[in-house]
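Trainee: Below you'll find entry.txt; it's compact mmCIF, N, CA and C atoms.
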# COMPACT_ATOMS: atom_id res chain seq x y z
N MET A 1068 33.82 -9.71 25.59
CA MET A 1068 34.76 -8.65 25.90
C MET A 1068 34.02 -7.58 26.70
N ASN A 1069 34.41 -7.43 27.92
CA ASN A 1069 33.82 -6.41 28.78
C ASN A 1069 34.85 -5.35 29.10
N ILE A 1070 34.52 -4.12 28.76
CA ILE A 1070 35.40 -2.99 29.07
C ILE A 1070 34.64 -2.11 30.04
N ASP A 1071 35.26 -1.83 31.16
CA ASP A 1071 34.65 -0.95 32.15
C ASP A 1071 34.95 0.49 31.74
N LEU A 1072 34.00 1.10 31.07
CA LEU A 1072 34.19 2.45 30.55
C LEU A 1072 34.37 3.49 31.66
N ASP A 1073 33.84 3.20 32.82
CA ASP A 1073 33.94 4.16 33.92
C ASP A 1073 35.37 4.32 34.43
N THR A 1074 36.21 3.32 34.20
CA THR A 1074 37.59 3.39 34.69
C THR A 1074 38.55 4.02 33.69
N LEU A 1075 38.08 4.26 32.46
CA LEU A 1075 38.95 4.84 31.44
C LEU A 1075 38.98 6.36 31.51
N SER A 1076 40.14 6.91 31.18
CA SER A 1076 40.27 8.37 31.15
C SER A 1076 39.61 8.90 29.87
N LYS A 1077 39.48 10.21 29.80
CA LYS A 1077 38.89 10.83 28.62
C LYS A 1077 39.72 10.52 27.36
N GLU A 1078 41.03 10.58 27.49
CA GLU A 1078 41.91 10.28 26.36
C GLU A 1078 41.78 8.81 25.93
N GLU A 1079 41.68 7.92 26.90
CA GLU A 1079 41.52 6.50 26.58
C GLU A 1079 40.18 6.25 25.88
N LEU A 1080 39.14 6.96 26.31
CA LEU A 1080 37.83 6.81 25.68
C LEU A 1080 37.86 7.34 24.24
N LYS A 1081 38.55 8.48 24.03
CA LYS A 1081 38.68 9.03 22.68
C LYS A 1081 39.42 8.05 21.77
N GLN A 1082 40.49 7.45 22.31
CA GLN A 1082 41.26 6.48 21.53
C GLN A 1082 40.41 5.26 21.21
N LEU A 1083 39.63 4.81 22.20
CA LEU A 1083 38.76 3.66 21.98
C LEU A 1083 37.73 3.98 20.89
N LYS A 1084 37.18 5.19 20.94
CA LYS A 1084 36.21 5.62 19.93
C LYS A 1084 36.85 5.61 18.54
N THR A 1085 38.06 6.14 18.42
CA THR A 1085 38.78 6.16 17.15
C THR A 1085 39.03 4.75 16.65
N ASP A 1086 39.46 3.88 17.54
CA ASP A 1086 39.73 2.50 17.17
C ASP A 1086 38.46 1.78 16.70
N VAL A 1087 37.36 2.06 17.38
CA VAL A 1087 36.08 1.43 17.00
C VAL A 1087 35.65 1.92 15.62
N GLU A 1088 35.77 3.21 15.36
CA GLU A 1088 35.38 3.76 14.06
C GLU A 1088 36.24 3.17 12.94
N LYS A 1089 37.54 3.02 13.17
CA LYS A 1089 38.43 2.41 12.18
C LYS A 1089 38.03 0.95 11.94
N ALA A 1090 37.72 0.24 13.01
CA ALA A 1090 37.34 -1.16 12.89
C ALA A 1090 36.04 -1.30 12.09
N LEU A 1091 35.09 -0.39 12.31
CA LEU A 1091 33.83 -0.45 11.58
C LEU A 1091 34.04 -0.19 10.08
N VAL A 1092 34.91 0.76 9.75
CA VAL A 1092 35.23 1.03 8.34
C VAL A 1092 35.88 -0.18 7.71
N THR A 1093 36.79 -0.81 8.41
CA THR A 1093 37.46 -2.00 7.90
C THR A 1093 36.47 -3.14 7.67
N ILE A 1094 35.58 -3.34 8.62
CA ILE A 1094 34.58 -4.40 8.48
C ILE A 1094 33.68 -4.12 7.28
N ASP A 1095 33.24 -2.86 7.12
CA ASP A 1095 32.39 -2.52 5.98
C ASP A 1095 33.11 -2.78 4.66
N ALA A 1096 34.37 -2.39 4.57
CA ALA A 1096 35.13 -2.61 3.34
C ALA A 1096 35.27 -4.09 3.05
N ARG A 1097 35.54 -4.87 4.08
CA ARG A 1097 35.69 -6.32 3.90
C ARG A 1097 34.38 -6.95 3.45
N ARG A 1098 33.27 -6.56 4.06
CA ARG A 1098 31.97 -7.12 3.70
C ARG A 1098 31.57 -6.73 2.28
N LYS A 1099 31.87 -5.49 1.89
CA LYS A 1099 31.56 -5.06 0.52
C LYS A 1099 32.38 -5.86 -0.49
N ALA A 1100 33.64 -6.11 -0.18
CA ALA A 1100 34.49 -6.91 -1.07
C ALA A 1100 33.95 -8.33 -1.18
N GLU A 1101 33.50 -8.90 -0.06
CA GLU A 1101 32.92 -10.24 -0.08
C GLU A 1101 31.64 -10.27 -0.91
N ALA A 1102 30.81 -9.25 -0.76
CA ALA A 1102 29.56 -9.17 -1.52
C ALA A 1102 29.85 -9.04 -3.01
N LYS A 1103 30.86 -8.25 -3.36
CA LYS A 1103 31.22 -8.08 -4.76
C LYS A 1103 31.71 -9.40 -5.35
N ARG A 1104 32.55 -10.11 -4.61
CA ARG A 1104 33.03 -11.40 -5.10
C ARG A 1104 31.87 -12.37 -5.30
N ALA A 1105 30.93 -12.38 -4.35
CA ALA A 1105 29.78 -13.28 -4.47
C ALA A 1105 28.92 -12.90 -5.68
N ALA A 1106 28.72 -11.60 -5.90
CA ALA A 1106 27.93 -11.15 -7.05
C ALA A 1106 28.64 -11.50 -8.36
N GLU A 1107 29.96 -11.34 -8.40
CA GLU A 1107 30.72 -11.71 -9.59
C GLU A 1107 30.59 -13.20 -9.88
N GLN A 1108 30.63 -14.01 -8.84
CA GLN A 1108 30.52 -15.47 -9.01
C GLN A 1108 29.15 -15.84 -9.57
N VAL A 1109 28.10 -15.24 -9.04
CA VAL A 1109 26.75 -15.54 -9.52
C VAL A 1109 26.60 -15.09 -10.97
N ALA A 1110 27.11 -13.91 -11.30
CA ALA A 1110 27.03 -13.43 -12.68
C ALA A 1110 27.78 -14.38 -13.61
N LYS A 1111 28.93 -14.85 -13.15
CA LYS A 1111 29.75 -15.78 -13.95
C LYS A 1111 28.99 -17.08 -14.20
N GLU A 1112 28.25 -17.56 -13.21
CA GLU A 1112 27.47 -18.79 -13.37
C GLU A 1112 26.42 -18.65 -14.47
N PHE A 1113 25.96 -17.42 -14.70
CA PHE A 1113 24.98 -17.17 -15.76
C PHE A 1113 25.64 -16.77 -17.07
N GLY A 1114 26.97 -16.71 -17.07
CA GLY A 1114 27.69 -16.41 -18.30
C GLY A 1114 27.91 -14.93 -18.56
N TYR A 1115 27.84 -14.12 -17.51
CA TYR A 1115 28.04 -12.68 -17.66
C TYR A 1115 29.10 -12.20 -16.68
N SER A 1116 29.61 -11.00 -16.97
CA SER A 1116 30.46 -10.35 -15.98
C SER A 1116 29.58 -9.43 -15.14
N LEU A 1117 30.05 -9.05 -13.99
CA LEU A 1117 29.29 -8.16 -13.13
C LEU A 1117 29.07 -6.81 -13.82
N ASP A 1118 30.06 -6.35 -14.57
CA ASP A 1118 29.92 -5.08 -15.29
C ASP A 1118 28.79 -5.15 -16.32
N GLU A 1119 28.66 -6.30 -16.99
CA GLU A 1119 27.57 -6.47 -17.97
C GLU A 1119 26.21 -6.42 -17.29
N ILE A 1120 26.12 -7.01 -16.12
CA ILE A 1120 24.85 -7.03 -15.38
C ILE A 1120 24.49 -5.62 -14.93
N ILE A 1121 25.46 -4.91 -14.41
CA ILE A 1121 25.21 -3.55 -13.93
C ILE A 1121 24.81 -2.65 -15.09
N ALA A 1122 25.48 -2.77 -16.23
CA ALA A 1122 25.17 -1.94 -17.39
C ALA A 1122 23.77 -2.24 -17.91
N ALA A 1123 23.33 -3.48 -17.80
CA ALA A 1123 22.02 -3.86 -18.30
C ALA A 1123 20.91 -3.40 -17.37
N GLY A 1124 21.23 -2.97 -16.18
CA GLY A 1124 20.22 -2.55 -15.22
C GLY A 1124 19.44 -1.33 -15.65
N GLY A 1125 20.00 -0.51 -16.52
CA GLY A 1125 19.33 0.71 -16.93
C GLY A 1125 18.52 0.57 -18.20
N THR A 1126 18.01 -0.63 -18.49
CA THR A 1126 17.28 -0.84 -19.74
C THR A 1126 15.79 -0.64 -19.59
N LYS A 1127 15.34 -0.14 -18.47
CA LYS A 1127 13.92 0.10 -18.28
C LYS A 1127 13.47 1.17 -19.27
N GLY A 1128 12.28 1.03 -19.76
CA GLY A 1128 11.77 1.96 -20.78
C GLY A 1128 11.75 3.39 -20.30
N SER A 1129 11.89 4.30 -21.24
CA SER A 1129 11.87 5.71 -20.89
C SER A 1129 10.43 6.19 -20.81
N LYS A 1130 10.28 7.39 -20.32
CA LYS A 1130 8.94 7.97 -20.21
C LYS A 1130 8.39 8.34 -21.56
N GLY A 1131 9.23 8.46 -22.55
CA GLY A 1131 8.77 8.78 -23.89
C GLY A 1131 8.95 10.25 -24.19
N ALA A 1132 8.99 10.54 -25.46
CA ALA A 1132 9.15 11.92 -25.90
C ALA A 1132 7.80 12.63 -25.86
N PRO A 1133 7.80 13.90 -25.53
CA PRO A 1133 6.55 14.65 -25.52
C PRO A 1133 5.94 14.72 -26.91
N LYS A 1134 4.64 14.59 -26.98
CA LYS A 1134 3.92 14.68 -28.26
C LYS A 1134 3.02 15.90 -28.30
N TYR A 1135 2.68 16.43 -27.14
CA TYR A 1135 1.76 17.55 -27.07
C TYR A 1135 2.33 18.63 -26.16
N ALA A 1136 1.99 19.88 -26.48
CA ALA A 1136 2.45 21.00 -25.66
C ALA A 1136 1.30 21.97 -25.45
N ASN A 1137 1.33 22.62 -24.31
CA ASN A 1137 0.34 23.63 -23.99
C ASN A 1137 0.62 24.87 -24.84
N PRO A 1138 -0.33 25.30 -25.67
CA PRO A 1138 -0.08 26.46 -26.53
C PRO A 1138 0.25 27.74 -25.75
N SER A 1139 -0.33 27.89 -24.57
CA SER A 1139 -0.07 29.10 -23.79
C SER A 1139 1.19 28.99 -22.93
N ASP A 1140 1.70 27.77 -22.74
CA ASP A 1140 2.94 27.57 -21.98
C ASP A 1140 3.66 26.34 -22.55
N PRO A 1141 4.51 26.54 -23.58
CA PRO A 1141 5.16 25.41 -24.24
C PRO A 1141 6.04 24.56 -23.33
N ALA A 1142 6.36 25.04 -22.14
CA ALA A 1142 7.15 24.24 -21.20
C ALA A 1142 6.33 23.08 -20.66
N GLN A 1143 5.01 23.19 -20.71
CA GLN A 1143 4.14 22.11 -20.24
C GLN A 1143 3.91 21.16 -21.41
N THR A 1144 4.38 19.94 -21.25
CA THR A 1144 4.24 18.95 -22.31
C THR A 1144 3.59 17.68 -21.77
N TRP A 1145 3.19 16.83 -22.70
CA TRP A 1145 2.56 15.56 -22.36
C TRP A 1145 2.93 14.54 -23.41
N THR A 1146 3.22 13.31 -23.00
CA THR A 1146 3.64 12.27 -23.93
C THR A 1146 2.45 11.61 -24.62
N GLY A 1147 1.26 11.83 -24.11
CA GLY A 1147 0.09 11.16 -24.67
C GLY A 1147 -0.24 9.89 -23.91
N ARG A 1148 0.59 9.58 -22.91
CA ARG A 1148 0.35 8.39 -22.09
C ARG A 1148 -0.08 8.82 -20.70
N GLY A 1149 -0.83 7.97 -20.06
CA GLY A 1149 -1.23 8.26 -18.69
C GLY A 1149 -2.37 9.26 -18.63
N ARG A 1150 -2.59 9.75 -17.45
CA ARG A 1150 -3.68 10.70 -17.22
C ARG A 1150 -3.43 12.01 -17.95
N LYS A 1151 -4.46 12.57 -18.52
CA LYS A 1151 -4.32 13.84 -19.23
C LYS A 1151 -4.08 14.96 -18.22
N PRO A 1152 -3.12 15.83 -18.52
CA PRO A 1152 -2.92 16.99 -17.65
C PRO A 1152 -4.12 17.93 -17.73
N ASN A 1153 -4.29 18.76 -16.73
CA ASN A 1153 -5.42 19.69 -16.69
C ASN A 1153 -5.44 20.60 -17.91
N TRP A 1154 -4.29 21.05 -18.37
CA TRP A 1154 -4.27 21.95 -19.52
C TRP A 1154 -4.79 21.27 -20.78
N VAL A 1155 -4.60 19.95 -20.90
CA VAL A 1155 -5.13 19.20 -22.05
C VAL A 1155 -6.65 19.11 -21.93
N ILE A 1156 -7.11 18.78 -20.75
CA ILE A 1156 -8.54 18.66 -20.51
C ILE A 1156 -9.23 20.00 -20.80
N GLU A 1157 -8.65 21.09 -20.32
CA GLU A 1157 -9.22 22.42 -20.54
C GLU A 1157 -9.24 22.77 -22.03
N ALA A 1158 -8.17 22.44 -22.74
CA ALA A 1158 -8.12 22.73 -24.18
C ALA A 1158 -9.17 21.93 -24.93
N LEU A 1159 -9.36 20.66 -24.56
CA LEU A 1159 -10.37 19.84 -25.20
C LEU A 1159 -11.77 20.36 -24.91
N ASP A 1160 -11.98 20.83 -23.68
CA ASP A 1160 -13.28 21.42 -23.32
C ASP A 1160 -13.56 22.69 -24.11
N GLU A 1161 -12.50 23.40 -24.49
CA GLU A 1161 -12.65 24.64 -25.27
C GLU A 1161 -12.88 24.34 -26.76
N GLY A 1162 -12.89 23.07 -27.12
CA GLY A 1162 -13.16 22.70 -28.50
C GLY A 1162 -11.92 22.39 -29.31
N LYS A 1163 -10.75 22.46 -28.73
CA LYS A 1163 -9.53 22.13 -29.46
C LYS A 1163 -9.41 20.61 -29.54
N SER A 1164 -8.65 20.12 -30.51
CA SER A 1164 -8.41 18.69 -30.63
C SER A 1164 -6.98 18.40 -30.22
N LEU A 1165 -6.65 17.12 -30.03
CA LEU A 1165 -5.30 16.75 -29.69
C LEU A 1165 -4.33 17.15 -30.81
N GLU A 1166 -4.79 17.11 -32.04
CA GLU A 1166 -3.96 17.52 -33.17
C GLU A 1166 -3.55 19.00 -33.04
N ASP A 1167 -4.43 19.81 -32.46
CA ASP A 1167 -4.11 21.23 -32.26
C ASP A 1167 -2.99 21.41 -31.25
N LEU A 1168 -2.84 20.43 -30.34
CA LEU A 1168 -1.83 20.52 -29.29
C LEU A 1168 -0.55 19.78 -29.64
N ALA A 1169 -0.58 19.08 -30.79
CA ALA A 1169 0.58 18.26 -31.17
C ALA A 1169 1.81 19.13 -31.44
N LEU A 1170 2.95 18.55 -31.14
CA LEU A 1170 4.22 19.27 -31.40
C LEU A 1170 4.60 19.16 -32.86
Please, can you express the file's structure as structure tokens?

Mentor:
Amino acid sequence: MNIDLDTLSKEELKQLKTDVEKALVTIDARRKAEAKRAAEQVAKEFGYSLDEIIAAGGTKGSKGAPKYANPSDPAQTWTGRGRKPNWVIEALDEGKSLEDLAL
């Protein structure tokens, strides 16, 4: 399909632009519906509904509840996992123990 854009008026170009944008939205909606149907079919093959699969997606472990807090700034907390925050390191250097920082 070849359209000679140079021969179209400004109004015709605006209409063409509107038509193209509508066509793109329609194509996106159709493709999303096709993808959803395909995903539902695959989930069904495994014995699940798509809603069950989506709901199960958020089962990744949480960061954990804070176990320690900075005595001088209780808003600063640490779960006890991962790298020690600077305030924990400084408190330990001052002779405090982790039990002193426990919540």

Trainee: Running DSSP on the backbone, which parts of chain A land in strand (DSSP E), as a list of chain:residue names?

Mentor: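 In chain A, DSSP puts these residues in strand (DSSP E): A:Tyr1135, A:Ala1136, A:Asn1137, A:Asp1140, A:Pro1141, A:Ala1142, A:Gln1143, A:Thr1144, A:Trp1145.
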
Trainee: For a cut-off of 7 Å around (34.6, -6.5, -9.8), file coordinates, pick out all residues using all atoms listed in the file and list them as a list of chain:residue names.

Mentor: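 Output of the proximity query reads A:Lys1103, A:Arg1104, A:Glu1107, A:Leu1117, A:Asp1118.
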
Trainee: For the residues selected in the previous step, produce a file with N, CA and C atoms as a PDB file, in the coordinates of the input.

Mentor:
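New file selection_14.pdb:
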ATOM      1  N   LYS A1103      30.860  -8.250  -3.360  1.00  0.00           N
ATOM      2  CA  LYS A1103      31.220  -8.080  -4.760  1.00  0.00           C
ATOM      3  C   LYS A1103      31.710  -9.400  -5.350  1.00  0.00           C
ATOM      4  N   ARG A1104      32.550 -10.110  -4.610  1.00  0.00           N
ATOM      5  CA  ARG A1104      33.030 -11.400  -5.100  1.00  0.00           C
ATOM      6  C   ARG A1104      31.870 -12.370  -5.300  1.00  0.00           C
ATOM      7  N   GLU A1107      29.960 -11.340  -8.400  1.00  0.00           N
ATOM      8  CA  GLU A1107      30.720 -11.710  -9.590  1.00  0.00           C
ATOM      9  C   GLU A1107      30.590 -13.200  -9.880  1.00  0.00           C
ATOM     10  N   LEU A1117      30.050  -9.050 -13.990  1.00  0.00           N
ATOM     11  CA  LEU A1117      29.290  -8.160 -13.130  1.00  0.00           C
ATOM     12  C   LEU A1117      29.070  -6.810 -13.820  1.00  0.00           C
ATOM     13  N   ASP A1118      30.060  -6.350 -14.570  1.00  0.00           N
ATOM     14  CA  ASP A1118      29.920  -5.080 -15.290  1.00  0.00           C
ATOM     15  C   ASP A1118      28.790  -5.150 -16.320  1.00  0.00           C
TER      16      ASP A1118
END

Trainee: Check the smallest atom-to-atom distance from each of A:Glu1119, A:Ile1156, A:Leu1170, A:Lys1111 to A:Ala1136 using all atoms listed in the file, then report the winner.

Mentor: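 Going through A:Glu1119, A:Ile1156, A:Leu1170, A:Lys1111 one by one, the smallest distance to A:Ala1136 is for A:Leu1170.
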
Trainee: If you run DSSP on the backbone here, which positions in chain A get alpha helix (DSSP H)? Please write them as a ChimeraX atom specification.

Mentor: /A:1077-1112,1117-1123,1153-1160,1165-1168

Trainee: What's the separation between atom CA of A:Tyr1115 and atom CA of A:Lys1099, in Å to one decimal place?

Mentor: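 The value is 20.0 Å.
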
Trainee: Using only N, CA and C atoms, can you tell me which of A:Pro1138, A:Ala1105, A:Leu1072, A:Pro1152 comes closest to A:Leu1168?

Mentor: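 Among the listed residues, A:Pro1138 lies closest to A:Leu1168.
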
Trainee: In Å, rounded to a single decimal, give me how far atom N of A:Arg1148 is from atom N of A:Ala1169.

Mentor: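 So the answer is 12.4 Å.
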
Trainee: Rounded to one decimal in Å, what is the spacing between atom N of A:Gly1124 and atom C of A:Thr1144?

Mentor: 27.7 Å
